[in-house]
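Everything below concerns the one structure shown next.
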Amino acid sequence: MRVGADTGGTFTDVVGDDGRIAKVLSTPDDPGSAVRTGVGRLAGDRPAHLAHGTTVATNALLEGRGAVVALVTTEGLRDVIEIGRQDRPALYDPAVVRPAPLVARPHRFEVRGRLAADGAELAPVVPVALPKMPEEVEAVAVCLLHADLSPAQEQAVALHLRGLGHDVTCSHEVSPEMREHERTVTTVINAALRPRCRAYLRGIASVADEVQVMSSAGGLLPLAEAAERPAALLLSGPAGGVRAAAAAAVANGFPDAITFDMGGTSTDVCLVLGGEPAPAAERSVGGHTVRFPSLDIHTIGAGGGSIARLDPGGALVVGPQSAGADPGPACYGRGGTAPTVTDADLVAGRIPPGAAFGGLVLDGAAAARAIADAGVTADGVIAVVDAGMERALRAVSVERGVDPRGLALVAFGGAGPLHACALAEALDMPAVIVPARAGVLSAVGLLTSPRQRDLVRSWPTPGDLDGLDASLAELAREARSLVGTGAASTTSVDCRYQGQSHELTVDSVADFHDAHRQRNGFARPDAPIEVIALRATATLPPALDLTDLPAPSRSTATGPVALAEPDCTIWLPAGWRAEPGQAGALVLRRTQR
């Protein structure tokens with residue numbers, strides 16, 4: 001048996017290759033416990049394959065529960081990690097609180113040795129001159145100047161430190177790209193997360209004969225590799241859902257879509273064009289920039305468990321605080337008293353009274369009390385959370401030069417199908433697709449995702465493109481060799497106009513002008529183009545396709561009606577109609593536009 005298991009903030013979802021599902025409450029203190037319980041319910045015995053999406057890396061970073069890290073860097077650069085960039089999140093707020101540096105200053109060490117901007121050695125490195133690491137240090141991050149072009153000096157420092165028994169992460173191993181601040185932060189994050197993630201992943205290795213882990217880029221990695229590069233797992237769970245949602249959109253005739261995943265604690269949205277989710281070279285997590293290949297998923301703190309309250313000025317605010325899995329929304333009957341979006345949906349009639357899922361029977365009276373005691377209304381809570389999610393949808397479409405009126409909205413997650421029609425109507429989108437098993441679609445995506453490896457390399461001569469094609473071909477060969485026999489590969493390049501400080505990832509240099517015009521509203525056809533980095537992605541098709549899963553029977557309906565399913569509830573407003581689609585999906589359309 002093959003199984004996909006996705007650990008969320010509220011529920012852990014498990015899907016088997018026979019189409020059966022299990023939805024169990026997450027166990028934040030020991031996430032592996034819920035995984036073992038869910039897999040046990042489906043497989044009984046040890047399954048042959050487990051594809052896993054985990055929040056362990058994300059939660060450890062956001063909650064500051066990583067290892068104590070020492071940073072070794074080039075002489076004169078110890079404070080790059082704290083100085084950061086010129087841009088500020090709140091330029092005119094004198095009281096803004098920036099995230100604390102990931103490495104305390106006493107734990108930052110400099111080493112002599114230096115490379116030139118082209119990677120040539122100016123001065124040799126002397127690893128033995130490093131002082132002894134403090135007792136409390138659990139891991140060491142090594143990030144030397146221009147190591148993305150020549151790793152030899154980092155390798156020498158790492159060899160010395162590993163010989164002393166330290167757990168060492170080098171920047172050329174995890175983020176071999178230009179920009180010292182981002183490369184340093186990414187290396188430190190990987191070092192900080194590795195002890196905890198390594199222990200967690202090794203702890204679930206016995207759940208199945210083979211365990212693979214979803215990366216932020218939307219592909220499965222061997223467990224051993226994922227344990228060594230946890231910085232690649234920060235969007236592990238959401239990426240699986242995006243993959244399955246994109247496949248559902250294509251199957252139903254919409255290669256262009258926005259995926260809309262509303263779970264218990266957050267909402268994740270991603271643009272899909274031509275059947276492929278948009279990629280991103282870097283992400284910001286907890287205020288820290290992680291420069292690692294990922295899907296371009298935009299996340300906001302809005303989910304079914306998001307708490308509604310009145311702020312000091314009397315305005316209604318929803319989220320980002322969440323009731324989580326314990327105690328959860330008031331209607332769960334587990335001791336929660338704060339009103340949440342799920343409570344509002346229940347009181348508003350969007351969820352049938354007495355609905356049950358994940359072993360819970362919802363308590364409508366408790367939900368009504370929580371909303372009344374907070375001085376808010378169910379309709380108000382729904383309107384506020386919808387407004388926030390509408391802004392997120394605009395951020396990945398309108399703000400990137402893409403007209404949402406040509407896109408379908410693929411709704412999933414436990415709460416996504418409850419709010420999708422209102423959002424599609426606000427953006428004048430033609431259809432909402434609710435895939436089969438929408439409430440556990442991230443787990444479905446894990447089960448049906450390819451094995452994948454993403455590689456990136458700095459291009460040392462931005463204005464000189466001689467040898468570019470040969471280097472791309474070599475990088476693609478390397479990526480295919482890491483995935484295995486039968487892998488297919490694609491390449492892309494990071495480009496910018498000469499004089500710009502930020503770049504766009506495009507399939508080829510020839511595509512850059514059009515991409516720049518779409519994203520920024522103008523192009524400069526006569527301006528020189530610089531290439532900053534080369535990228536290659538190799539994939540091995542999954543053993544199971546979305547259309548291979550048994551499709552549940554779903555019937556036509558006309559709103560207003562709540563359609564209760566084992567893993568989610570669909571709210572079909574007045575003026576909307578639901579019809580069966582491909583791969584077990586429901587396609588929702590307005591009866592009048």
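Ligands are numbered from 1 in the order shown, chains are lettered A, B, ... in the order of the structure tokens, and residues start at 1 in each chain.
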
* Hey, what does DSSP flag as strand (DSSP E) within stretch 277-475 of chain A? Can you give it to me as number ranges by chain? -> A: 277, 279-280, 283-285, 288-290, 294-295, 298-300, 306-310, 316-322, 356-357, 360-361, 408-412, 432-434, 451-458

* To do: Please identify which residues in stretch 57-143 of chain A DSSP calls alpha helix (DSSP H) from the backbone, and express them as JSON, numbers by chain.
  => {"A": [57, 58, 59, 60, 61, 62, 80, 81, 82, 83]}

* Close residues, A:Arg480 itself excluded, 12 Å, only C-alpha atoms, min 2 positions apart in chain, as a list in words -> Arg451, Gln452, Arg453, Asp454, Leu455, Ala473, Glu474, Leu475, Ala476, Arg477, Glu478, Leu482, Val483, Gly484, Thr485, Gly486, Ala487, Ala488, Ser489, Thr490, Thr491, Ala536, Thr537, Ala538, Thr539 and Leu540 of chain A

Prev. selection, C-alpha atoms, output as a tab-separated table (two decimals), in the first residue's frame:
```tsv
chain	number	residue	atom	x	y	z
A	451	ARG	CA	10.33	12.54	-7.12
A	452	GLN	CA	12.22	15.74	-7.77
A	453	ARG	CA	15.52	17.51	-7.33
A	454	ASP	CA	16.09	21.24	-7.86
A	455	LEU	CA	19.58	22.63	-8.40
A	473	ALA	CA	22.88	21.20	-19.97
A	474	GLU	CA	25.50	20.07	-17.46
A	475	LEU	CA	23.37	21.25	-14.52
A	476	ALA	CA	20.38	19.36	-15.94
A	477	ARG	CA	22.46	16.19	-16.24
A	478	GLU	CA	23.53	16.55	-12.62
A	482	LEU	CA	20.36	12.67	-8.45
A	483	VAL	CA	16.78	11.60	-9.20
A	484	GLY	CA	17.47	8.37	-11.06
A	485	THR	CA	17.01	6.55	-14.33
A	486	GLY	CA	14.13	7.84	-16.42
A	487	ALA	CA	14.12	11.36	-14.98
A	488	ALA	CA	13.18	14.30	-17.19
A	489	SER	CA	14.61	17.78	-16.69
A	490	THR	CA	13.90	21.43	-17.38
A	491	THR	CA	16.14	24.48	-17.05
A	536	ALA	CA	17.60	22.87	-13.30
A	537	THR	CA	14.75	20.66	-12.13
A	538	ALA	CA	14.67	16.90	-12.65
A	539	THR	CA	11.55	14.85	-11.98
A	540	LEU	CA	10.58	11.19	-12.01
```

* Give me, please, the distance in Å between atom CA of A:Pro28 and atom CA of A:Asp296, quoted to one decimal. => 26.1 Å

* Residue among A:Leu271, A:Cys331, A:Val434, A:Leu441 lying closest to A:Asp6, counting only C-alpha atoms ->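 Result for the nearest residue to A:Asp6: A:Leu441.
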
* Asked: Excluding same-chain residues fewer than 3 positions from A:Ala431, what lies within 6 Å of it counting only C-alpha atoms, as a ChimeraX atom specification?
  -> /A:408,588-589

Export, as a compact mmCIF listing (two decimals), in the first residue's frame, the selected residues with N, CA and C atoms.
```txt
# COMPACT_ATOMS: atom_id res chain seq x y z
N ALA A 408 -9.61 29.70 -12.99
CA ALA A 408 -10.50 28.97 -12.08
C ALA A 408 -9.91 29.04 -10.67
N LEU A 588 -18.16 24.23 -9.76
CA LEU A 588 -19.20 25.16 -9.34
C LEU A 588 -19.18 26.38 -10.26
N ARG A 589 -20.36 26.73 -10.75
CA ARG A 589 -20.48 27.90 -11.63
C ARG A 589 -21.70 28.71 -11.25
```

* To do: Would you kindly return, as a PyMOL selection string, each protein, DNA or RNA residue with an atom no farther than 6 Å from any atom of A:Gly319, considering only C-alpha atoms and excluding same-chain residues fewer than 4 positions away?
  => chain A and resi 301-302+306-307

Put those residues in a file: C-alpha atoms, as an mmCIF file, in the first residue's frame.
```cif
data_model
loop_
_atom_site.group_PDB
_atom_site.id
_atom_site.type_symbol
_atom_site.label_atom_id
_atom_site.label_comp_id
_atom_site.auth_asym_id
_atom_site.auth_seq_id
_atom_site.Cartn_x
_atom_site.Cartn_y
_atom_site.Cartn_z
ATOM 1 C CA GLY A 301 -3.043 33.798 8.925
ATOM 2 C CA ALA A 302 -6.643 32.955 8.050
ATOM 3 C CA SER A 306 -8.652 31.822 13.261
ATOM 4 C CA ILE A 307 -9.958 33.733 16.273
#
```

* Point out the residue among A:Pro435, A:Pro131, A:Gly264, A:Pro151 with the least atom-to-atom distance to A:Thr547, counting only C-alpha atoms. =>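 Closest candidate: A:Pro435.
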
* Would you kindly return, as number ranges by chain, each protein, DNA or RNA residue with an atom no farther than 12 Å from any atom of A:Glu121, considering only C-alpha atoms and excluding same-chain residues fewer than 6 positions away? => A: 112-115, 144-147, 149-153

* Asked: What lies within 10 Å of stretch 90-99 of chain A using only C-alpha atoms, ignoring chain neighbours under 6 positions off, as a list in words?
  -> Glu82, Gly286, Gly287 and His288 of chain A

* Asked: Which of these, A:Gly38, A:Gly445, A:Thr58, A:Val14, has the shortest distance to A:Arg283 once you count only C-alpha atoms?
  ->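 Comparing A:Gly38, A:Gly445, A:Thr58, A:Val14 against A:Arg283, the winner is A:Thr58.
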
* Option closest in space to A:Asp494, from A:Ser458, A:Ser215, A:Ser553, A:Ser481 [counting only C-alpha atoms] ->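 Of A:Ser458, A:Ser215, A:Ser553, A:Ser481, the one nearest A:Asp494 is A:Ser458, counting only C-alpha atoms.
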
* Asked: Counting only C-alpha atoms, which of A:Ala226, A:Ile21, A:Ala5, A:Ala330 gets nearest to A:Leu549?
  ->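 Closest candidate: A:Ile21.
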
* Pick out the closest residue to A:Glu579 from this set: A:Gly401, A:Gly559, A:Gly240, A:Pro450. Count only C-alpha atoms. =>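 When distances to A:Glu579 are compared using only C-alpha atoms, the smallest one comes from A:Gly559.
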
* In Å to one decimal, how far is atom CA of A:Ala231 from atom CA of A:Met214? ->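 One can read the atom CA of A:Met214 to atom CA of A:Ala231 distance as 11.9 Å.
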